[in-house]
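Coordinates from upload_35.txt are shown below (compact mmCIF, C-alpha atoms).
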# COMPACT_ATOMS: atom_id res chain seq x y z
CA MET F 136 64.53 -48.57 -5.30
CA ILE F 137 68.11 -49.84 -5.42
CA TYR F 138 71.28 -47.77 -5.81
CA LEU F 139 74.02 -49.51 -7.74
CA THR F 140 77.56 -48.15 -7.93
CA ARG F 141 80.29 -49.04 -10.37
CA ARG F 142 83.84 -47.78 -10.01
CA ALA F 143 86.37 -47.14 -12.77
CA GLU F 144 89.81 -45.59 -12.86
CA PHE F 145 91.53 -43.37 -15.35
CA SER F 146 94.75 -41.43 -15.41
CA ALA F 147 94.98 -37.97 -16.89
CA SER F 148 96.85 -34.71 -16.60
CA HIS F 149 95.57 -31.17 -16.37
CA TYR F 150 96.44 -27.66 -15.30
CA TYR F 151 94.34 -24.79 -14.02
CA HIS F 152 94.38 -21.53 -15.93
CA ASN F 153 91.79 -18.85 -16.60
CA PRO F 154 92.71 -16.77 -19.68
CA ALA F 155 90.60 -13.89 -18.35
CA LEU F 156 93.03 -13.50 -15.43
CA SER F 157 96.58 -12.14 -15.59
CA ALA F 158 99.58 -14.46 -15.22
CA GLU F 159 100.05 -13.22 -11.64
CA GLU F 160 96.39 -13.73 -10.76
CA ASN F 161 96.45 -17.23 -12.23
CA ARG F 162 99.47 -18.10 -10.10
CA ARG F 163 97.86 -16.62 -7.01
CA VAL F 164 94.50 -18.37 -7.48
CA PHE F 165 95.71 -21.74 -8.73
CA GLY F 166 99.16 -22.05 -7.14
CA LYS F 167 101.18 -25.02 -8.35
CA CYS F 168 98.17 -26.31 -10.32
CA ASN F 169 98.86 -23.42 -12.74
CA ASN F 170 102.04 -25.05 -14.14
CA PRO F 171 101.30 -24.92 -17.91
CA HIS F 172 102.92 -28.28 -18.61
CA GLY F 173 100.28 -29.92 -16.45
CA HIS F 174 100.45 -32.58 -13.77
CA GLY F 175 98.59 -35.85 -13.40
CA HIS F 176 96.29 -37.88 -11.20
CA ASN F 177 94.87 -41.36 -11.02
CA TYR F 178 91.18 -40.53 -10.92
CA THR F 179 88.56 -42.89 -9.56
CA VAL F 180 85.02 -42.32 -10.73
CA GLU F 181 82.04 -43.92 -9.01
CA VAL F 182 78.83 -43.97 -11.03
CA THR F 183 75.68 -44.56 -8.98
CA VAL F 184 72.51 -45.57 -10.80
CA ALA F 185 69.10 -45.66 -9.11
CA GLY F 186 66.38 -47.97 -10.34
CA GLU F 187 63.91 -50.73 -9.64
CA VAL F 188 64.98 -54.37 -9.73
CA ASP F 189 63.82 -56.00 -12.94
CA ASP F 190 61.68 -59.07 -12.11
CA THR F 191 63.15 -61.15 -14.93
CA THR F 192 66.86 -60.49 -14.32
CA GLY F 193 66.96 -59.46 -10.66
CA MET F 194 69.08 -56.48 -11.75
CA VAL F 195 68.75 -52.69 -11.86
CA LEU F 196 70.75 -52.73 -15.07
CA ASP F 197 73.16 -55.04 -16.80
CA LEU F 198 76.62 -54.28 -15.40
CA LYS F 199 78.24 -55.19 -18.71
CA ASP F 200 76.21 -52.45 -20.38
CA LEU F 201 77.15 -49.92 -17.70
CA LYS F 202 80.82 -50.85 -18.05
CA ALA F 203 80.61 -50.50 -21.83
CA VAL F 204 78.97 -47.04 -21.62
CA LEU F 205 81.50 -45.89 -19.06
CA GLU F 206 84.34 -47.02 -21.30
CA SER F 207 83.00 -45.57 -24.53
CA GLU F 208 81.75 -42.26 -23.11
CA VAL F 209 84.28 -41.45 -20.39
CA LEU F 210 87.41 -43.58 -20.34
CA GLU F 211 88.10 -43.43 -24.07
CA LEU F 212 87.72 -39.67 -23.92
CA MET F 213 89.77 -38.98 -20.79
CA ASP F 214 92.09 -41.87 -19.96
CA HIS F 215 95.77 -41.09 -20.59
CA LYS F 216 94.92 -37.64 -21.92
CA PHE F 217 95.99 -34.08 -21.15
CA LEU F 218 92.48 -32.85 -20.41
CA ASN F 219 93.06 -29.18 -21.30
CA LYS F 220 94.38 -29.98 -24.78
CA GLU F 221 92.74 -33.26 -25.74
CA VAL F 222 89.20 -33.12 -24.36
CA PRO F 223 87.28 -30.42 -26.28
CA VAL F 224 84.99 -29.27 -23.44
CA PHE F 225 88.05 -28.34 -21.36
CA ALA F 226 89.40 -26.02 -24.04
CA THR F 227 87.15 -23.37 -22.52
CA LYS F 228 86.32 -24.81 -19.10
CA ILE F 229 88.94 -25.34 -16.37
CA PRO F 230 89.29 -29.11 -15.77
CA THR F 231 88.90 -28.98 -11.99
CA THR F 232 87.60 -32.07 -10.24
CA GLU F 233 84.28 -30.26 -9.88
CA ASN F 234 83.98 -29.56 -13.62
CA ILE F 235 85.16 -33.07 -14.61
CA ALA F 236 82.47 -34.62 -12.38
CA VAL F 237 79.78 -32.44 -13.99
CA GLU F 238 81.09 -33.34 -17.46
CA ILE F 239 81.03 -37.08 -16.67
CA TRP F 240 77.43 -36.66 -15.53
CA ASN F 241 76.57 -34.90 -18.81
CA LEU F 242 78.26 -37.65 -20.83
CA LEU F 243 76.49 -40.49 -19.04
CA ALA F 244 73.04 -39.25 -18.01
CA ALA F 245 71.34 -39.84 -21.36
CA LYS F 246 73.32 -42.95 -22.26
CA LEU F 247 72.36 -45.33 -19.46
CA PRO F 248 70.62 -48.44 -20.81
CA SER F 249 68.20 -48.39 -17.85
CA GLY F 250 67.83 -46.80 -14.42
CA ARG F 251 68.44 -43.15 -13.59
CA LEU F 252 71.84 -41.57 -12.93
CA HIS F 253 71.89 -40.65 -9.24
CA ARG F 254 75.40 -39.51 -8.44
CA ILE F 255 78.87 -39.05 -9.86
CA ARG F 256 81.60 -39.24 -7.24
CA LEU F 257 85.05 -38.38 -8.56
CA TYR F 258 88.20 -38.91 -6.52
CA GLU F 259 91.23 -36.87 -7.56
CA THR F 260 93.27 -38.47 -4.76
CA ASP F 261 92.32 -40.77 -1.88
CA ASP F 262 91.83 -37.66 0.25
CA LEU F 263 89.82 -35.48 -2.12
CA TYR F 264 86.57 -36.12 -3.94
CA VAL F 265 83.51 -34.32 -5.24
CA ASP F 266 79.88 -35.44 -5.52
CA TYR F 267 77.50 -34.22 -8.20
CA TYR F 268 73.78 -35.11 -8.27
CA GLY F 269 72.83 -33.28 -11.46
CA GLU F 270 71.29 -30.35 -9.58
CA MET Y 140 75.13 -26.57 -10.51
CA MET Y 141 75.75 -27.53 -6.92
CA VAL Y 142 78.72 -29.73 -6.09
CA SER Y 143 79.83 -31.21 -2.78
CA LEU Y 144 83.56 -31.38 -2.23
CA THR Y 145 85.11 -33.55 0.47
CA LYS Y 146 88.66 -33.43 1.71
CA ARG Y 147 90.20 -35.81 4.24
CA TYR Y 148 92.74 -34.93 6.94
CA ARG Y 149 94.41 -36.91 9.71
CA PHE Y 150 95.48 -36.24 13.27
CA SER Y 151 96.43 -38.31 16.28
CA ALA Y 152 95.29 -37.61 19.81
CA SER Y 153 94.52 -39.32 23.09
CA HIS Y 154 91.50 -39.03 25.33
CA ARG Y 155 89.82 -40.52 28.35
CA LEU Y 156 86.07 -40.87 28.61
CA HIS Y 157 85.27 -39.84 32.15
CA ASN Y 158 82.49 -37.80 33.75
CA GLU Y 159 83.39 -36.10 37.04
CA GLY Y 160 79.71 -36.13 37.98
CA LEU Y 161 79.62 -39.93 38.10
CA SER Y 162 81.10 -42.31 40.66
CA THR Y 163 84.14 -44.45 39.87
CA GLU Y 164 81.88 -47.47 39.42
CA GLU Y 165 79.45 -45.60 37.19
CA ASN Y 166 82.29 -44.24 35.04
CA SER Y 167 83.69 -47.72 34.68
CA ARG Y 168 80.26 -49.13 33.82
CA VAL Y 169 79.35 -46.41 31.31
CA PHE Y 170 82.70 -45.95 29.56
CA GLY Y 171 84.30 -49.40 29.98
CA LYS Y 172 87.92 -49.56 28.89
CA CYS Y 173 87.70 -46.00 27.52
CA ASN Y 174 87.68 -44.92 31.18
CA SER Y 175 91.23 -46.23 31.68
CA PRO Y 176 92.81 -43.52 33.89
CA TYR Y 177 95.76 -42.45 31.75
CA GLY Y 178 93.85 -42.20 28.47
CA HIS Y 179 94.42 -43.93 25.16
CA GLY Y 180 94.89 -42.71 21.60
CA HIS Y 181 93.50 -42.88 18.09
CA ASN Y 182 94.49 -41.92 14.58
CA TYR Y 183 91.50 -39.78 13.67
CA ILE Y 184 90.44 -39.11 10.09
CA VAL Y 185 88.33 -36.02 9.57
CA GLU Y 186 86.39 -35.48 6.35
CA VAL Y 187 85.20 -31.95 5.65
CA THR Y 188 82.41 -31.58 3.07
CA LEU Y 189 81.59 -28.21 1.50
CA ARG Y 190 78.64 -27.63 -0.78
CA GLY Y 191 78.17 -24.81 -3.21
CA PRO Y 192 77.99 -23.67 -6.82
CA ILE Y 193 81.04 -23.93 -9.09
CA ASP Y 194 82.67 -20.50 -9.42
CA PRO Y 195 82.83 -19.96 -13.21
CA SER Y 196 86.09 -18.03 -12.89
CA THR Y 197 87.99 -20.79 -11.06
CA GLY Y 198 85.97 -23.94 -11.79
CA MET Y 199 86.00 -24.62 -8.05
CA VAL Y 200 83.59 -24.77 -5.13
CA MET Y 201 86.29 -23.44 -2.82
CA ASP Y 202 89.98 -22.58 -2.86
CA LEU Y 203 91.59 -25.77 -1.54
CA GLY Y 204 94.60 -23.87 -0.24
CA LEU Y 205 92.31 -21.82 1.94
CA LEU Y 206 90.48 -24.94 3.11
CA ASP Y 207 93.78 -26.64 3.99
CA GLN Y 208 94.97 -23.56 5.85
CA THR Y 209 91.70 -23.26 7.80
CA VAL Y 210 91.64 -26.94 8.79
CA GLN Y 211 95.33 -26.77 9.69
CA GLN Y 212 94.82 -23.78 11.99
CA GLU Y 213 91.46 -24.65 13.51
CA VAL Y 214 91.74 -28.44 13.81
CA LEU Y 215 95.17 -29.94 13.24
CA ASP Y 216 97.26 -27.34 15.09
CA ARG Y 217 94.76 -27.45 17.95
CA PHE Y 218 94.22 -31.19 18.39
CA ASP Y 219 97.09 -33.12 16.76
CA HIS Y 220 99.36 -34.89 19.25
CA THR Y 221 97.43 -33.66 22.27
CA TYR Y 222 95.67 -35.29 25.20
CA LEU Y 223 92.21 -33.87 24.55
CA ASN Y 224 91.15 -33.91 28.21
CA LEU Y 225 94.04 -31.78 29.44
CA ASP Y 226 95.80 -30.03 26.57
CA VAL Y 227 92.93 -28.16 24.90
CA PRO Y 228 90.36 -25.92 26.60
CA ASN Y 229 87.56 -27.21 24.35
CA PHE Y 230 86.85 -30.21 26.57
CA GLN Y 231 86.99 -28.67 30.02
CA GLY Y 232 83.87 -30.04 31.67
CA ARG Y 233 82.86 -32.03 28.58
CA VAL Y 234 83.68 -35.65 27.79
CA PRO Y 235 85.90 -35.78 24.66
CA THR Y 236 83.94 -38.49 22.93
CA THR Y 237 84.26 -38.61 19.17
CA GLU Y 238 80.66 -37.29 19.00
CA ASN Y 239 81.64 -34.18 20.95
CA LEU Y 240 84.88 -33.81 18.99
CA CYS Y 241 82.96 -34.03 15.70
CA VAL Y 242 80.55 -31.26 16.78
CA GLU Y 243 83.46 -29.16 18.06
CA ILE Y 244 85.30 -29.45 14.73
CA TYR Y 245 82.14 -28.53 12.83
CA ASN Y 246 81.64 -25.44 14.97
CA LEU Y 247 85.30 -24.40 14.72
CA LEU Y 248 85.26 -24.65 10.92
CA ARG Y 249 81.83 -23.36 10.07
CA GLY Y 250 82.18 -19.69 10.81
CA ARG Y 251 85.61 -19.33 9.26
CA LEU Y 252 84.83 -21.27 6.09
CA GLU Y 253 81.55 -19.52 5.46
CA ALA Y 254 83.08 -16.09 6.10
CA ALA Y 255 85.86 -16.90 3.62
CA GLU Y 256 83.69 -18.24 0.82
CA GLY Y 257 80.28 -16.63 0.63
CA ASN Y 258 78.76 -19.24 -1.65
CA ALA Y 259 79.98 -22.54 -0.18
CA HIS Y 260 78.59 -23.82 3.09
CA LEU Y 261 79.88 -26.48 5.45
CA GLU Y 262 77.64 -29.42 4.68
CA LYS Y 263 79.11 -32.05 6.97
CA VAL Y 264 81.99 -33.10 9.16
CA ARG Y 265 82.63 -36.84 9.35
CA LEU Y 266 85.08 -38.05 11.96
CA GLU Y 267 86.53 -41.56 12.03
CA GLU Y 268 87.88 -42.74 15.34
CA THR Y 269 88.83 -46.15 13.96
CA SER Y 270 88.05 -47.82 10.66
CA SER Y 271 84.99 -49.31 12.39
CA ASN Y 272 83.63 -46.20 14.16
CA SER Y 273 82.68 -42.94 12.53
CA PHE Y 274 80.45 -39.98 13.36
CA GLU Y 275 78.83 -37.30 11.22
CA TYR Y 276 77.49 -33.87 12.12
CA SER Y 277 75.71 -31.47 9.79
CA GLY Y 278 75.03 -28.65 12.22
CA VAL Y 279 71.53 -29.73 13.21
CA THR Y 280 71.06 -29.02 16.91
CA ALA Y 281 69.17 -31.36 19.20
CA ASN Y 282 66.46 -28.74 19.57
CA LYS Y 283 65.92 -28.63 15.84
CA SER Y 284 65.89 -32.40 15.44
CA GLU Y 285 63.60 -32.79 18.43
CA GLN Y 286 61.32 -30.19 16.90
CA ALA Y 287 61.37 -32.08 13.59
CA MET Y 288 60.50 -35.33 15.39
CA ARG Y 289 57.60 -33.61 17.15
CA GLU Y 290 56.34 -32.24 13.85
CA LYS Y 291 56.51 -35.72 12.32
CA ARG Y 292 54.34 -37.08 15.10
As structure tokens, the full file:
Amino acid sequence: MIYLTRRAEFSASHYYHNPALSAEENRRVFGKCNNPHGHGHNYTVEVTVAGEVDDTTGMVLDLKDLKAVLESEVLELMDHKFLNKEVPVFATKIPTTENIAVEIWNLLAAKLPSGRLHRIRLYETDDLYVDYYGE
Amino acid sequence: MMVSLTKRYRFSASHRLHNEGLSTEENSRVFGKCNSPYGHGHNYIVEVTLRGPIDPSTGMVMDLGLLDQTVQQEVLDRFDHTYLNLDVPNFQGRVPTTENLCVEIYNLLRGRLEAAEGNAHLEKVRLEETSSNSFEYSGVTANKSEQAMREKR
């Protein structure tokens, strides 16, 4: 079993707000992330695929295919977007790094040409990342 | 849905690896240049990993402000710009290796973080002494790991 990781970057803005909470509670819970005009990050996503090495190609999966899926499923949807307003799933779900990682998993898991999705690691900054294993 | 969240912090400190129970020659042999009498320093990077379910109300595993505040109080205020051997009580009678510092940071953070957030638990502390040396501790005591090794046999 080999674990293969591909990294991609996208830039997006977001803000944190729960409509079920009052304006004061939102400010208390989310602090400066509650600014309704949003703020941005350069996100780095690492997609790790687990699989066996194919005897014919020596590969777990074709990296071109993985790149293409990542672009069509994730980057086109999220890159240079205001996640709350432009990505439908975040109309009702707060686009925290945790929730974005889970969403990227959901977008990719069934679309991989081969291998099995093992982990999504999403960096919001160099100093902050989350890992999601689909559990 | 369980997510692991990792946040990285930095502090600078000096230390000397020296065991009072050993002779000068033994200290020099065991610890090499880290036994240099006046100590030496590192820029440490500490990575704190919390694991838990995503709170549906906040979309988060843990309030990052609370995590920052806890790490600031328990780790950075305590160790940053100190000589670990002399300035903090944590290493009286214990060699301030990065292994021991990693375990100490884990123990300092664990109780406070888990009391603050019932659902998230401290999964791991990873401490980098230099870009080439790093240590990880997940709260498994030697007794437990020895027991696990015995069970394996």
Task: Shortest interatomic distance to Y:Gln208 - which of Y:Gly160, Y:Asn246, Y:Asn239, Y:Arg251, counting all atoms listed in the file - done: Y:Arg251
Counting only C-alpha atoms, a student should be able to say which residues of chain Y come within 12 Å of chain F; what is the right answer, written as an mmCIF file with C-alpha atoms, keeping the file's coordinate frame?
data_model
loop_
_atom_site.group_PDB
_atom_site.id
_atom_site.type_symbol
_atom_site.label_atom_id
_atom_site.label_comp_id
_atom_site.auth_asym_id
_atom_site.auth_seq_id
_atom_site.Cartn_x
_atom_site.Cartn_y
_atom_site.Cartn_z
ATOM 1 C CA MET Y 140 75.130 -26.570 -10.510
ATOM 2 C CA MET Y 141 75.750 -27.530 -6.920
ATOM 3 C CA VAL Y 142 78.720 -29.730 -6.090
ATOM 4 C CA SER Y 143 79.830 -31.210 -2.780
ATOM 5 C CA LEU Y 144 83.560 -31.380 -2.230
ATOM 6 C CA THR Y 145 85.110 -33.550 0.470
ATOM 7 C CA LYS Y 146 88.660 -33.430 1.710
ATOM 8 C CA ARG Y 147 90.200 -35.810 4.240
ATOM 9 C CA TYR Y 148 92.740 -34.930 6.940
ATOM 10 C CA ARG Y 149 94.410 -36.910 9.710
ATOM 11 C CA ILE Y 184 90.440 -39.110 10.090
ATOM 12 C CA VAL Y 185 88.330 -36.020 9.570
ATOM 13 C CA GLU Y 186 86.390 -35.480 6.350
ATOM 14 C CA VAL Y 187 85.200 -31.950 5.650
ATOM 15 C CA THR Y 188 82.410 -31.580 3.070
ATOM 16 C CA LEU Y 189 81.590 -28.210 1.500
ATOM 17 C CA ARG Y 190 78.640 -27.630 -0.780
ATOM 18 C CA GLY Y 191 78.170 -24.810 -3.210
ATOM 19 C CA PRO Y 192 77.990 -23.670 -6.820
ATOM 20 C CA ILE Y 193 81.040 -23.930 -9.090
ATOM 21 C CA ASP Y 194 82.670 -20.500 -9.420
ATOM 22 C CA PRO Y 195 82.830 -19.960 -13.210
ATOM 23 C CA SER Y 196 86.090 -18.030 -12.890
ATOM 24 C CA THR Y 197 87.990 -20.790 -11.060
ATOM 25 C CA GLY Y 198 85.970 -23.940 -11.790
ATOM 26 C CA MET Y 199 86.000 -24.620 -8.050
ATOM 27 C CA VAL Y 200 83.590 -24.770 -5.130
ATOM 28 C CA MET Y 201 86.290 -23.440 -2.820
ATOM 29 C CA ASP Y 202 89.980 -22.580 -2.860
ATOM 30 C CA LEU Y 203 91.590 -25.770 -1.540
ATOM 31 C CA GLY Y 204 94.600 -23.870 -0.240
ATOM 32 C CA LEU Y 205 92.310 -21.820 1.940
ATOM 33 C CA LEU Y 206 90.480 -24.940 3.110
ATOM 34 C CA ASP Y 207 93.780 -26.640 3.990
#
- [ ] Rounded to one decimal place, report the atom CA of F:Ala226-atom CA of F:Leu212 distance in Å.
- [x] 13.8 Å
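Taking atom CA of Y:Phe170 as the reference point, atom CA of Y:Val279 is found at 25.6 Å.
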Open item on the list: If we count only C-alpha atoms and set the cut-off at 9 Å, which residues sit around Y:Thr237, ignoring sequence neighbours fewer than 5 positions away in its own chain? Please answer as a ChimeraX atom specification.
Closed with: /Y:242,266-268,273-274
Mind giving me the axis-aligned box for stretch 155-164 of chain Y with 4 Å on every side, centre plus edges in Å to one decimal, as AutoDock Vina command-line options?
--center_x 84.7 --center_y -41.8 --center_z 34.5 --size_x 18.2 --size_y 19.4 --size_z 20.3
TODO: Between atom CA of Y:Gln231 and atom CA of Y:Asn272, measure the distance and give it in Å to one decimal.
DONE: 23.9 Å
TODO: Skip Y:His220 itself and residues of its chain fewer than 3 positions away, then list as a ChimeraX atom specification all residues within 12 Å of it, counting all atoms listed in the file.
DONE: /Y:149-154,179-183,214-217,223,225-227
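Proximity to F:Asn169 was assessed for F:Val188, F:Ile255, F:Ala147, F:Asn219 counting all atoms listed in the file; the smallest distance is recorded for F:Asn219.
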